[in-house]
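Here is the structure we will look at, set down as C-alpha coordinates.
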Amino acid sequence: TLTSESIEYPFYINTTEEEFASARAQRHEITLKVLRKEINRLE
Amino acid sequence: TLTSESIEYPFYINTTEEEFASARAQRHEITLKVLRKEINRLE
Amino acid sequence: MSTSTNVKEIGYAFLKTYYQRMRNDPSKIHHLYSATAELTHVDYQVDLISDKPSLPTIKLIGKDNINKYYTRHSKKVTTVKVKVDSCDFQFTGSNNVSILILAVGEMCWSQTPSYRFCQTFILTPATNNPEIYDVTNDILRFIPEVTLTLHETEPNFDPKAAL
Amino acid sequence: MSTSTNVKEIGYAFLKTYYQRMRNDPSKIHHLYSATAELTHVDYQVDLISDKPSLPTIKLIGKDNINKYYTRHSKKVTTVKVKVDSCDFQFTGSNNVSILILAVGEMCWSQTPSYRFCQTFILTPATNNPEIYDVTNDILRFIPEVTLTLHETEPNFDPKAAL
(Lines give C-alpha, C1' and ligand atoms only; values in the text may rest on other atoms or scores of the structure.)
Protein backbone atom coordinates (compact mmCIF):
# COMPACT_ATOMS: atom_id res chain seq x y z
CA THR A 1 0.00 0.00 0.00
CA LEU A 2 1.23 3.48 -0.86
CA THR A 3 2.21 5.36 2.25
CA SER A 4 3.60 8.55 0.76
CA GLU A 5 1.51 11.68 1.26
CA SER A 6 1.83 15.44 0.69
CA ILE A 7 0.47 18.72 1.97
CA GLU A 8 0.13 21.01 -1.06
CA TYR A 9 -1.34 24.14 0.57
CA PRO A 10 0.78 26.63 2.56
CA PHE A 11 0.66 26.89 6.35
CA TYR A 12 2.29 29.33 8.78
CA ILE A 13 4.12 28.56 12.05
CA ASN A 14 4.93 31.26 14.65
CA THR A 15 3.39 33.87 12.33
CA THR A 16 0.45 34.87 10.12
CA GLU A 17 0.16 35.62 6.40
CA GLU A 18 -0.10 39.37 7.12
CA GLU A 19 2.91 39.38 9.45
CA PHE A 20 4.97 37.40 6.95
CA ALA A 21 4.09 39.85 4.14
CA SER A 22 6.55 42.47 5.37
CA ALA A 23 9.48 40.02 5.24
CA ARG A 24 8.41 39.10 1.72
CA ALA A 25 8.15 42.77 0.72
CA GLN A 26 11.75 43.22 1.82
CA ARG A 27 12.76 40.20 -0.26
CA HIS A 28 10.90 41.59 -3.33
CA GLU A 29 12.71 44.89 -3.02
CA ILE A 30 16.09 43.14 -2.85
CA THR A 31 15.24 40.99 -5.88
CA LEU A 32 14.06 44.01 -7.86
CA LYS A 33 17.16 45.99 -6.91
CA VAL A 34 19.27 43.15 -8.38
CA LEU A 35 17.06 43.14 -11.47
CA ARG A 36 17.50 46.88 -11.95
CA LYS A 37 21.28 46.58 -11.56
CA GLU A 38 21.21 43.78 -14.15
CA ILE A 39 19.24 45.85 -16.63
CA ASN A 40 21.48 48.90 -16.16
CA ARG A 41 24.53 46.70 -16.62
CA LEU A 42 23.18 45.46 -19.96
CA GLU A 43 22.58 48.96 -21.30
CA THR B 1 32.85 12.05 14.00
CA LEU B 2 30.88 14.34 11.71
CA THR B 3 29.88 12.53 8.55
CA SER B 4 27.68 15.16 6.90
CA GLU B 5 29.14 16.82 3.79
CA SER B 6 27.99 19.18 1.03
CA ILE B 7 28.79 20.10 -2.55
CA GLU B 8 28.30 23.86 -2.82
CA TYR B 9 29.28 24.44 -6.49
CA PRO B 10 26.92 23.65 -9.40
CA PHE B 11 27.41 20.66 -11.71
CA TYR B 12 25.58 19.57 -14.86
CA ILE B 13 24.33 16.09 -15.82
CA ASN B 14 23.27 15.17 -19.39
CA THR B 15 23.98 18.78 -20.45
CA THR B 16 26.39 21.74 -20.39
CA GLU B 17 26.11 25.26 -19.03
CA GLU B 18 25.67 26.66 -22.55
CA GLU B 19 23.02 24.13 -23.50
CA PHE B 20 21.12 24.75 -20.25
CA ALA B 21 21.16 28.53 -20.84
CA SER B 22 18.36 28.37 -23.43
CA ALA B 23 16.01 26.61 -20.99
CA ARG B 24 16.84 29.27 -18.41
CA ALA B 25 16.23 32.06 -20.93
CA GLN B 26 12.77 30.65 -21.51
CA ARG B 27 12.19 30.60 -17.74
CA HIS B 28 13.35 34.23 -17.41
CA GLU B 29 10.95 35.34 -20.13
CA ILE B 30 8.04 33.59 -18.40
CA THR B 31 8.97 35.16 -15.03
CA LEU B 32 9.29 38.62 -16.57
CA LYS B 33 5.98 38.22 -18.40
CA VAL B 34 4.35 37.54 -15.02
CA LEU B 35 6.17 40.54 -13.55
CA ARG B 36 4.94 42.81 -16.34
CA LYS B 37 1.36 41.59 -15.89
CA GLU B 38 1.70 42.26 -12.14
CA ILE B 39 2.93 45.81 -12.70
CA ASN B 40 0.18 46.56 -15.24
CA ARG B 41 -2.40 45.15 -12.84
CA LEU B 42 -1.23 47.54 -10.14
CA GLU B 43 -1.50 50.63 -12.32
CA MET C 1 2.96 12.25 19.03
CA SER C 2 0.83 9.16 18.48
CA THR C 3 1.98 6.65 15.86
CA SER C 4 -1.25 6.68 13.85
CA THR C 5 -0.50 5.02 10.54
CA ASN C 6 -1.05 8.31 8.73
CA VAL C 7 2.40 9.65 7.88
CA LYS C 8 1.03 13.09 7.05
CA GLU C 9 -0.44 13.59 10.53
CA ILE C 10 2.72 12.55 12.31
CA GLY C 11 4.89 14.68 10.02
CA TYR C 12 2.68 17.75 10.31
CA ALA C 13 2.52 17.46 14.13
CA PHE C 14 6.31 17.15 14.21
CA LEU C 15 6.92 20.26 12.07
CA LYS C 16 4.62 22.34 14.29
CA THR C 17 6.29 21.07 17.47
CA TYR C 18 9.78 21.60 16.03
CA TYR C 19 9.35 25.24 14.94
CA GLN C 20 7.09 26.26 17.83
CA ARG C 21 9.64 24.97 20.32
CA MET C 22 12.25 27.21 18.61
CA ARG C 23 10.12 30.20 19.51
CA ASN C 24 8.91 29.01 22.89
CA ASP C 25 11.94 27.32 24.39
CA PRO C 26 15.17 26.95 22.38
CA SER C 27 16.83 25.28 25.37
CA LYS C 28 14.48 22.28 24.94
CA ILE C 29 14.80 21.68 21.16
CA HIS C 30 17.64 19.18 21.56
CA HIS C 31 15.22 16.80 23.29
CA LEU C 32 13.66 16.21 19.85
CA TYR C 33 16.91 14.77 18.53
CA SER C 34 18.47 11.30 18.92
CA ALA C 35 21.78 11.05 20.77
CA THR C 36 23.84 10.87 17.57
CA ALA C 37 21.64 13.04 15.33
CA GLU C 38 23.22 15.03 12.50
CA LEU C 39 22.10 18.64 11.92
CA THR C 40 22.80 21.06 9.08
CA HIS C 41 21.20 24.37 10.02
CA VAL C 42 21.41 28.18 9.82
CA ASP C 43 24.81 29.68 10.62
CA TYR C 44 23.40 32.15 13.18
CA GLN C 45 26.78 33.85 13.48
CA VAL C 46 26.15 35.76 10.24
CA ASP C 47 23.93 38.84 10.08
CA LEU C 48 20.44 37.66 9.05
CA ILE C 49 19.45 41.20 8.07
CA SER C 50 21.24 41.50 4.74
CA ASP C 51 20.72 41.76 0.98
CA LYS C 52 22.21 38.34 0.37
CA PRO C 53 19.99 36.01 -1.70
CA SER C 54 20.49 33.13 0.78
CA LEU C 55 22.16 32.16 4.07
CA PRO C 56 25.12 29.82 4.87
CA THR C 57 24.63 26.73 7.05
CA ILE C 58 26.79 24.88 9.59
CA LYS C 59 27.04 21.17 10.41
CA LEU C 60 26.72 19.58 13.85
CA ILE C 61 26.55 16.07 15.27
CA GLY C 62 25.25 14.85 18.62
CA LYS C 63 22.60 16.03 21.06
CA ASP C 64 24.99 18.07 23.24
CA ASN C 65 26.43 20.06 20.37
CA ILE C 66 22.89 20.61 19.08
CA ASN C 67 21.85 21.88 22.50
CA LYS C 68 24.81 24.25 22.73
CA TYR C 69 24.04 25.58 19.26
CA TYR C 70 20.36 26.40 19.94
CA THR C 71 20.99 27.86 23.38
CA ARG C 72 23.94 29.99 22.26
CA HIS C 73 21.81 31.57 19.52
CA SER C 74 18.50 31.49 21.37
CA LYS C 75 17.90 35.26 21.00
CA LYS C 76 17.74 34.89 17.19
CA VAL C 77 16.25 31.38 17.23
CA THR C 78 13.17 32.50 19.15
CA THR C 79 12.21 35.04 16.47
CA VAL C 80 11.99 32.46 13.64
CA LYS C 81 8.81 32.60 11.53
CA VAL C 82 8.06 29.95 8.92
CA LYS C 83 5.76 29.63 5.93
CA VAL C 84 5.69 26.04 4.65
CA ASP C 85 4.52 25.98 1.02
CA SER C 86 4.51 22.21 0.54
CA CYS C 87 5.49 19.06 2.39
CA ASP C 88 6.10 15.49 1.26
CA PHE C 89 6.15 12.47 3.59
CA GLN C 90 7.23 8.83 3.12
CA PHE C 91 7.75 5.95 5.55
CA THR C 92 11.30 4.62 5.43
CA GLY C 93 13.95 2.61 7.25
CA SER C 94 13.94 -0.95 8.53
CA ASN C 95 10.37 -2.29 8.66
CA ASN C 96 9.20 1.07 7.40
CA VAL C 97 8.62 2.74 10.76
CA SER C 98 10.85 5.77 10.24
CA ILE C 99 9.57 8.85 8.41
CA LEU C 100 11.20 10.96 5.68
CA ILE C 101 9.96 14.56 5.39
CA LEU C 102 10.75 17.10 2.63
CA ALA C 103 9.46 20.62 3.41
CA VAL C 104 9.75 23.64 1.08
CA GLY C 105 8.93 27.20 2.12
CA GLU C 106 10.16 30.54 3.36
CA MET C 107 11.63 31.56 6.69
CA CYS C 108 12.38 34.89 8.38
CA TRP C 109 13.47 36.29 11.72
CA SER C 110 12.72 39.65 13.30
CA GLN C 111 13.42 42.52 10.84
CA THR C 112 14.90 40.18 8.21
CA PRO C 113 13.75 39.57 4.63
CA SER C 114 12.19 36.16 3.89
CA TYR C 115 14.60 33.40 2.83
CA ARG C 116 13.52 30.48 0.69
CA PHE C 117 14.49 27.08 2.03
CA CYS C 118 13.98 23.35 1.72
CA GLN C 119 14.51 21.02 4.65
CA THR C 120 14.61 17.25 4.98
CA PHE C 121 14.18 15.24 8.19
CA ILE C 122 14.29 11.60 9.18
CA LEU C 123 12.25 10.70 12.26
CA THR C 124 12.82 7.35 13.95
CA PRO C 125 10.73 5.81 16.76
CA ALA C 126 12.57 6.23 20.07
CA THR C 127 14.00 2.90 21.32
CA ASN C 128 12.31 3.22 24.71
CA ASN C 129 8.94 4.43 23.40
CA PRO C 130 7.87 3.80 19.77
CA GLU C 131 5.04 6.31 20.28
CA ILE C 132 7.66 9.05 20.25
CA TYR C 133 9.92 9.96 17.33
CA ASP C 134 13.53 11.16 17.51
CA VAL C 135 15.05 13.30 14.76
CA THR C 136 18.11 11.40 13.51
CA ASN C 137 18.75 13.68 10.46
CA ASP C 138 17.91 17.32 9.83
CA ILE C 139 19.24 19.12 6.72
CA LEU C 140 18.26 22.74 5.97
CA ARG C 141 19.29 24.25 2.64
CA PHE C 142 18.54 27.83 1.59
CA ILE C 143 17.51 28.41 -2.01
CA PRO C 144 18.85 31.66 -3.48
CA GLU C 145 16.13 33.84 -4.98
CA VAL C 146 16.48 33.52 -8.72
CA THR C 147 18.85 36.31 -9.78
CA LEU C 148 17.53 36.98 -13.21
CA THR C 149 21.07 37.06 -14.55
CA LEU C 150 20.21 38.36 -17.96
CA HIS C 151 23.22 37.62 -20.07
CA GLU C 152 23.80 39.41 -23.33
CA THR C 153 24.27 35.92 -24.70
CA GLU C 154 20.65 35.02 -24.15
CA PRO C 155 19.48 34.82 -27.79
CA ASN C 156 16.35 36.86 -28.25
CA PHE C 157 16.27 38.49 -24.83
CA ASP C 158 15.89 42.28 -24.60
CA PRO C 159 15.33 43.12 -20.91
CA LYS C 160 13.96 46.63 -21.45
CA ALA C 161 11.41 45.43 -23.98
CA ALA C 162 10.38 42.58 -21.73
CA LEU C 163 9.51 45.09 -19.02
CA MET D 1 29.64 2.17 -6.38
CA SER D 2 32.31 1.43 -3.79
CA THR D 3 31.44 2.04 -0.15
CA SER D 4 34.34 4.35 0.66
CA THR D 5 33.50 6.04 3.92
CA ASN D 6 33.17 9.39 2.19
CA VAL D 7 29.44 10.08 1.94
CA LYS D 8 29.95 12.84 -0.63
CA GLU D 9 31.70 10.53 -3.11
CA ILE D 10 29.02 7.86 -2.85
CA GLY D 11 26.23 10.42 -3.13
CA TYR D 12 27.78 12.23 -6.08
CA ALA D 13 28.42 8.94 -7.95
CA PHE D 14 24.80 7.93 -7.30
CA LEU D 15 23.33 11.19 -8.64
CA LYS D 16 25.39 10.91 -11.84
CA THR D 17 24.38 7.25 -12.34
CA TYR D 18 20.72 8.01 -11.60
CA TYR D 19 20.27 10.90 -14.07
CA GLN D 20 22.57 9.49 -16.76
CA ARG D 21 20.63 6.23 -16.76
CA MET D 22 17.44 8.27 -17.38
CA ARG D 23 19.01 9.54 -20.58
CA ASN D 24 20.81 6.35 -21.59
CA ASP D 25 18.37 3.61 -20.66
CA PRO D 26 15.08 4.41 -18.89
CA SER D 27 14.15 0.73 -18.97
CA LYS D 28 17.01 0.01 -16.49
CA ILE D 29 16.38 2.76 -13.90
CA HIS D 30 14.20 0.57 -11.72
CA HIS D 31 17.23 -1.63 -10.98
CA LEU D 32 18.49 1.24 -8.78
CA TYR D 33 15.47 0.91 -6.48
CA SER D 34 14.71 -1.53 -3.66
CA ALA D 35 11.76 -3.89 -4.09
CA THR D 36 9.43 -1.73 -1.95
CA ALA D 37 10.88 1.71 -2.78
CA GLU D 38 8.62 4.75 -2.71
CA LEU D 39 8.90 7.34 -5.49
CA THR D 40 7.41 10.81 -5.88
CA HIS D 41 8.37 12.09 -9.32
CA VAL D 42 7.37 14.19 -12.34
CA ASP D 43 3.84 13.61 -13.65
CA TYR D 44 5.00 13.06 -17.26
CA GLN D 45 1.39 13.01 -18.43
CA VAL D 46 1.24 16.81 -18.32
CA ASP D 47 2.75 19.01 -21.03
CA LEU D 48 6.27 19.96 -19.88
CA ILE D 49 6.39 22.82 -22.38
CA SER D 50 4.23 25.37 -20.58
CA ASP D 51 4.26 28.72 -18.82
CA LYS D 52 3.43 27.15 -15.47
CA PRO D 53 5.84 28.10 -12.67
CA SER D 54 6.22 24.44 -11.59
CA LEU D 55 5.15 20.87 -12.40
CA PRO D 56 2.88 18.39 -10.57
CA THR D 57 4.22 15.08 -9.25
CA ILE D 58 2.78 11.56 -8.87
CA LYS D 59 3.38 8.89 -6.22
CA LEU D 60 4.41 5.28 -6.82
CA ILE D 61 5.46 2.31 -4.72
CA GLY D 62 7.36 -0.84 -5.67
CA LYS D 63 9.97 -1.70 -8.29
CA ASP D 64 7.47 -2.93 -10.91
CA ASN D 65 5.35 0.21 -10.81
CA ILE D 66 8.52 2.28 -10.96
CA ASN D 67 9.68 0.31 -14.01
CA LYS D 68 6.30 0.75 -15.76
CA TYR D 69 6.40 4.48 -15.06
CA TYR D 70 9.89 5.08 -16.52
CA THR D 71 9.37 2.87 -19.55
CA ARG D 72 5.91 4.29 -20.36
CA HIS D 73 7.36 7.82 -20.41
CA SER D 74 10.80 6.92 -21.74
CA LYS D 75 10.56 9.32 -24.71
CA LYS D 76 10.37 12.32 -22.35
CA VAL D 77 12.55 10.78 -19.64
CA THR D 78 15.54 10.39 -21.95
CA THR D 79 15.64 14.14 -22.71
CA VAL D 80 16.07 15.18 -19.05
CA LYS D 81 18.89 17.68 -18.36
CA VAL D 82 19.86 18.60 -14.82
CA LYS D 83 21.84 21.39 -13.17
CA VAL D 84 22.49 20.59 -9.50
CA ASP D 85 23.23 23.83 -7.60
CA SER D 86 23.97 22.25 -4.21
CA CYS D 87 23.90 18.89 -2.51
CA ASP D 88 23.89 17.85 1.14
CA PHE D 89 24.73 14.33 2.38
CA GLN D 90 24.39 12.60 5.76
CA PHE D 91 24.76 9.00 6.89
CA THR D 92 21.55 7.67 8.47
CA GLY D 93 19.59 4.57 9.42
CA SER D 94 20.49 1.65 11.65
CA ASN D 95 24.26 1.60 12.32
CA ASN D 96 24.57 4.62 10.09
CA VAL D 97 25.15 2.82 6.80
CA SER D 98 22.30 4.38 4.82
CA ILE D 99 22.71 7.76 3.13
CA LEU D 100 20.38 10.79 3.05
CA ILE D 101 20.81 13.15 0.09
CA LEU D 102 19.20 16.59 -0.43
CA ALA D 103 19.82 18.04 -3.91
CA VAL D 104 18.65 21.47 -5.10
CA GLY D 105 18.84 22.64 -8.72
CA GLU D 106 17.09 23.09 -12.03
CA MET D 107 15.83 20.56 -14.53
CA CYS D 108 14.59 20.73 -18.13
CA TRP D 109 13.62 18.48 -20.98
CA SER D 110 13.83 19.04 -24.72
CA GLN D 111 12.28 22.44 -25.69
CA THR D 112 11.03 23.12 -22.14
CA PRO D 113 11.88 26.01 -19.80
CA SER D 114 14.02 25.15 -16.74
CA TYR D 115 12.12 24.10 -13.60
CA ARG D 116 13.54 24.58 -10.13
CA PHE D 117 13.44 21.49 -7.94
CA CYS D 118 14.66 19.92 -4.74
CA GLN D 119 14.96 16.17 -4.36
CA THR D 120 15.70 13.93 -1.39
CA PHE D 121 16.87 10.30 -1.55
CA ILE D 122 17.62 7.58 0.95
CA LEU D 123 20.16 4.98 -0.22
CA THR D 124 20.48 1.71 1.71
CA PRO D 125 23.14 -0.98 1.20
CA ALA D 126 21.65 -3.91 -0.74
CA THR D 127 21.09 -6.95 1.48
CA ASN D 128 23.07 -9.25 -0.83
CA ASN D 129 25.95 -6.82 -1.48
CA PRO D 130 26.72 -3.92 0.90
CA GLU D 131 28.98 -2.45 -1.79
CA ILE D 132 25.87 -1.58 -3.75
CA TYR D 133 23.14 0.85 -2.64
CA ASP D 134 19.41 0.60 -3.33
CA VAL D 135 17.18 3.67 -3.42
CA THR D 136 14.45 3.10 -0.82
CA ASN D 137 13.01 6.66 -0.97
CA ASP D 138 13.01 9.23 -3.74
CA ILE D 139 11.00 12.49 -3.39
CA LEU D 140 11.12 15.19 -6.08
CA ARG D 141 9.43 18.53 -5.38
CA PHE D 142 9.30 21.43 -7.85
CA ILE D 143 9.78 24.92 -6.48
CA PRO D 144 7.65 27.56 -8.23
CA GLU D 145 9.67 30.49 -9.51
CA VAL D 146 8.94 33.36 -7.16
CA THR D 147 5.98 35.21 -8.62
CA LEU D 148 6.73 38.68 -7.43
CA THR D 149 3.11 39.09 -6.38
CA LEU D 150 3.32 42.79 -5.67
CA HIS D 151 0.32 43.48 -3.54
CA GLU D 152 -1.00 46.97 -3.11
CA THR D 153 -0.92 46.09 0.55
CA GLU D 154 2.85 45.95 0.61
CA PRO D 155 3.59 49.05 2.69
CA ASN D 156 6.17 51.14 0.93
CA PHE D 157 6.36 49.26 -2.31
CA ASP D 158 5.98 51.16 -5.62
CA PRO D 159 6.76 48.70 -8.45
CA LYS D 160 7.31 51.33 -11.16
CA ALA D 161 9.76 53.28 -9.01
CA ALA D 162 11.61 50.11 -8.05
CA LEU D 163 12.29 49.45 -11.72
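By convention here, the chains of the C-alpha coordinates are called A, B, ... in the order presented, each chain's residues are numbered starting at 1, and ligands are numbered starting at 1 in the order presented.
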
Provide as a PDB file with N, CA and C atoms, in the first residue's frame the residues of chain A at most 10 Å from chain D, counting only C-alpha atoms.
ATOM      1  N   THR A   1       0.863  -1.194   0.000  1.00  0.00           N
ATOM      2  CA  THR A   1       0.000   0.000   0.000  1.00  0.00           C
ATOM      3  C   THR A   1       0.901   1.247   0.000  1.00  0.00           C
ATOM      4  N   LEU A   2       0.464   2.240  -0.726  1.00  0.00           N
ATOM      5  CA  LEU A   2       1.226   3.479  -0.858  1.00  0.00           C
ATOM      6  C   LEU A   2       1.151   4.253   0.458  1.00  0.00           C
ATOM      7  N   THR A   3       2.314   4.599   1.000  1.00  0.00           N
ATOM      8  CA  THR A   3       2.213   5.359   2.251  1.00  0.00           C
ATOM      9  C   THR A   3       2.601   6.819   2.050  1.00  0.00           C
ATOM     10  N   SER A   4       3.129   7.159   0.862  1.00  0.00           N
ATOM     11  CA  SER A   4       3.600   8.547   0.758  1.00  0.00           C
ATOM     12  C   SER A   4       2.422   9.508   0.607  1.00  0.00           C
ATOM     13  N   GLU A   5       2.559  10.658   1.258  1.00  0.00           N
ATOM     14  CA  GLU A   5       1.510  11.683   1.255  1.00  0.00           C
ATOM     15  C   GLU A   5       2.149  13.063   1.128  1.00  0.00           C
ATOM     16  N   SER A   6       1.331  14.059   0.801  1.00  0.00           N
ATOM     17  CA  SER A   6       1.832  15.438   0.686  1.00  0.00           C
ATOM     18  C   SER A   6       0.818  16.406   1.265  1.00  0.00           C
ATOM     19  N   GLU A  18      -0.302  37.908   7.123  1.00  0.00           N
ATOM     20  CA  GLU A  18      -0.096  39.374   7.123  1.00  0.00           C
ATOM     21  C   GLU A  18       1.300  39.692   7.671  1.00  0.00           C
ATOM     22  N   ALA A  21       4.067  39.026   5.360  1.00  0.00           N
ATOM     23  CA  ALA A  21       4.090  39.848   4.136  1.00  0.00           C
ATOM     24  C   ALA A  21       5.222  40.877   4.172  1.00  0.00           C
ATOM     25  N   SER A  22       5.527  41.409   5.361  1.00  0.00           N
ATOM     26  CA  SER A  22       6.549  42.471   5.375  1.00  0.00           C
ATOM     27  C   SER A  22       7.930  41.884   5.088  1.00  0.00           C
ATOM     28  N   ARG A  24       8.420  39.385   3.162  1.00  0.00           N
ATOM     29  CA  ARG A  24       8.412  39.096   1.718  1.00  0.00           C
ATOM     30  C   ARG A  24       8.589  40.378   0.916  1.00  0.00           C
ATOM     31  N   ALA A  25       8.006  41.486   1.428  1.00  0.00           N
ATOM     32  CA  ALA A  25       8.147  42.771   0.724  1.00  0.00           C
ATOM     33  C   ALA A  25       9.627  43.144   0.676  1.00  0.00           C
ATOM     34  N   GLN A  26      10.305  42.926   1.793  1.00  0.00           N
ATOM     35  CA  GLN A  26      11.746  43.218   1.818  1.00  0.00           C
ATOM     36  C   GLN A  26      12.463  42.376   0.766  1.00  0.00           C
ATOM     37  N   ARG A  27      12.099  41.087   0.696  1.00  0.00           N
ATOM     38  CA  ARG A  27      12.755  40.196  -0.260  1.00  0.00           C
ATOM     39  C   ARG A  27      12.479  40.687  -1.696  1.00  0.00           C
ATOM     40  N   HIS A  28      11.242  41.114  -1.973  1.00  0.00           N
ATOM     41  CA  HIS A  28      10.897  41.588  -3.333  1.00  0.00           C
ATOM     42  C   HIS A  28      11.758  42.789  -3.695  1.00  0.00           C
ATOM     43  N   GLU A  29      11.918  43.687  -2.713  1.00  0.00           N
ATOM     44  CA  GLU A  29      12.713  44.894  -3.020  1.00  0.00           C
ATOM     45  C   GLU A  29      14.156  44.508  -3.337  1.00  0.00           C
ATOM     46  N   ILE A  30      14.707  43.575  -2.592  1.00  0.00           N
ATOM     47  CA  ILE A  30      16.092  43.141  -2.847  1.00  0.00           C
ATOM     48  C   ILE A  30      16.178  42.526  -4.246  1.00  0.00           C
ATOM     49  N   THR A  31      15.225  41.657  -4.569  1.00  0.00           N
ATOM     50  CA  THR A  31      15.239  40.990  -5.884  1.00  0.00           C
ATOM     51  C   THR A  31      15.129  42.027  -7.002  1.00  0.00           C
ATOM     52  N   LEU A  32      14.248  43.011  -6.801  1.00  0.00           N
ATOM     53  CA  LEU A  32      14.059  44.011  -7.863  1.00  0.00           C
ATOM     54  C   LEU A  32      15.282  44.918  -7.979  1.00  0.00           C
ATOM     55  N   LYS A  33      15.938  45.158  -6.849  1.00  0.00           N
ATOM     56  CA  LYS A  33      17.161  45.990  -6.912  1.00  0.00           C
ATOM     57  C   LYS A  33      18.197  45.260  -7.780  1.00  0.00           C
ATOM     58  N   VAL A  34      18.313  43.953  -7.585  1.00  0.00           N
ATOM     59  CA  VAL A  34      19.270  43.153  -8.378  1.00  0.00           C
ATOM     60  C   VAL A  34      18.866  43.220  -9.847  1.00  0.00           C
ATOM     61  N   LEU A  35      17.564  43.130 -10.082  1.00  0.00           N
ATOM     62  CA  LEU A  35      17.057  43.139 -11.468  1.00  0.00           C
ATOM     63  C   LEU A  35      17.419  44.463 -12.126  1.00  0.00           C
ATOM     64  N   ARG A  36      17.223  45.564 -11.381  1.00  0.00           N
ATOM     65  CA  ARG A  36      17.500  46.885 -11.953  1.00  0.00           C
ATOM     66  C   ARG A  36      18.984  46.992 -12.269  1.00  0.00           C
ATOM     67  N   LYS A  37      19.824  46.495 -11.340  1.00  0.00           N
ATOM     68  CA  LYS A  37      21.277  46.580 -11.563  1.00  0.00           C
ATOM     69  C   LYS A  37      21.616  45.810 -12.844  1.00  0.00           C
ATOM     70  N   ILE A  39      19.713  45.169 -15.417  1.00  0.00           N
ATOM     71  CA  ILE A  39      19.236  45.849 -16.632  1.00  0.00           C
ATOM     72  C   ILE A  39      20.177  47.009 -16.947  1.00  0.00           C
TER      73      ILE A  39
END

Would you list, as a VMD selection string, the residues of chain B that end up in helix (DSSP H, G or I) under DSSP run on this structure's backbone? chain B and resid 17 to 42

Keeping only N, CA and C atoms, write the selected residues as a short mmCIF file (atom, residue, chain, number, x, y, z; two decimals), in the first residue's frame.
data_model
loop_
_atom_site.label_atom_id
_atom_site.label_comp_id
_atom_site.auth_asym_id
_atom_site.auth_seq_id
_atom_site.Cartn_x
_atom_site.Cartn_y
_atom_site.Cartn_z
N GLU B 17 26.60 23.95 -19.45
CA GLU B 17 26.11 25.26 -19.03
C GLU B 17 25.48 25.99 -20.22
N GLU B 18 26.17 25.94 -21.37
CA GLU B 18 25.67 26.66 -22.55
C GLU B 18 24.30 26.10 -22.95
N GLU B 19 24.25 24.76 -23.05
CA GLU B 19 23.02 24.13 -23.50
C GLU B 19 21.85 24.45 -22.55
N PHE B 20 22.17 24.51 -21.24
CA PHE B 20 21.12 24.75 -20.25
C PHE B 20 20.64 26.20 -20.30
N ALA B 21 21.50 27.10 -20.85
CA ALA B 21 21.16 28.53 -20.84
C ALA B 21 19.86 28.81 -21.59
N SER B 22 19.58 28.03 -22.66
CA SER B 22 18.36 28.37 -23.43
C SER B 22 17.11 28.03 -22.61
N ALA B 23 17.18 26.95 -21.83
CA ALA B 23 16.01 26.61 -20.99
C ALA B 23 15.82 27.70 -19.92
N ARG B 24 16.93 28.22 -19.44
CA ARG B 24 16.84 29.27 -18.41
C ARG B 24 16.32 30.57 -19.02
N ALA B 25 16.71 30.82 -20.27
CA ALA B 25 16.23 32.06 -20.93
C ALA B 25 14.71 31.99 -21.05
N GLN B 26 14.23 30.81 -21.43
CA GLN B 26 12.77 30.65 -21.51
C GLN B 26 12.12 30.93 -20.15
N ARG B 27 12.74 30.41 -19.09
CA ARG B 27 12.19 30.60 -17.74
C ARG B 27 12.19 32.08 -17.38
N HIS B 28 13.27 32.79 -17.73
CA HIS B 28 13.35 34.23 -17.41
C HIS B 28 12.23 34.98 -18.11
N GLU B 29 11.99 34.61 -19.38
CA GLU B 29 10.95 35.34 -20.13
C GLU B 29 9.59 35.12 -19.47
N ILE B 30 9.33 33.88 -19.05
CA ILE B 30 8.04 33.59 -18.40
C ILE B 30 7.92 34.41 -17.12
N THR B 31 9.00 34.43 -16.31
CA THR B 31 8.97 35.16 -15.03
C THR B 31 8.75 36.65 -15.29
N LEU B 32 9.43 37.18 -16.30
CA LEU B 32 9.29 38.62 -16.57
C LEU B 32 7.92 38.93 -17.14
N LYS B 33 7.34 37.99 -17.89
CA LYS B 33 5.98 38.22 -18.40
C LYS B 33 5.03 38.35 -17.21
N VAL B 34 5.21 37.49 -16.21
CA VAL B 34 4.35 37.54 -15.02
C VAL B 34 4.58 38.88 -14.31
N LEU B 35 5.83 39.29 -14.23
CA LEU B 35 6.17 40.54 -13.55
C LEU B 35 5.49 41.72 -14.24
N ARG B 36 5.53 41.71 -15.57
CA ARG B 36 4.94 42.81 -16.34
C ARG B 36 3.43 42.85 -16.10
N LYS B 37 2.81 41.65 -16.11
CA LYS B 37 1.36 41.59 -15.89
C LYS B 37 1.04 42.16 -14.50
N GLU B 38 1.90 41.80 -13.52
CA GLU B 38 1.70 42.26 -12.14
C GLU B 38 1.72 43.79 -12.10
N ILE B 39 2.75 44.35 -12.76
CA ILE B 39 2.93 45.81 -12.70
C ILE B 39 1.74 46.49 -13.38
N ASN B 40 1.33 45.94 -14.54
CA ASN B 40 0.18 46.56 -15.24
C ASN B 40 -1.06 46.48 -14.36
N ARG B 41 -1.20 45.33 -13.68
CA ARG B 41 -2.40 45.15 -12.84
C ARG B 41 -2.46 46.21 -11.76
N LEU B 42 -1.26 46.61 -11.28
CA LEU B 42 -1.23 47.54 -10.14
C LEU B 42 -1.44 48.98 -10.57
#

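Atom CA of Val80 of chain C lies 7.2 Å from atom CA of Ser110 of chain C.
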
Taking only C-alpha atoms into account, find every residue of chain C that has an atom no more than 10 Å from chain D, and write it out as a ChimeraX atom specification. /C:36-40,85-94,96,98,100-105,116-124,136-146,163

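When atom CA of Val84 of chain D is paired with atom CA of Pro125 of chain D, their separation reads 24.1 Å.
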
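Backbone DSSP over chain A yields strand (DSSP E) at A:Glu5, A:Ser6, A:Ile7, A:Phe11, A:Tyr12, A:Ile13.
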
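The coordinates place atom CA of Phe14 of chain C at 20.6 Å from atom CA of Trp109 of chain C.
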
Give me the residues near Thr15 of chain A as a list in words, where near means some atom within 6 Å (using only C-alpha atoms) and where sequence neighbours in that chain fewer than 2 positions away do not count. Tyr12 and Ile13 of chain A; Lys81 of chain C
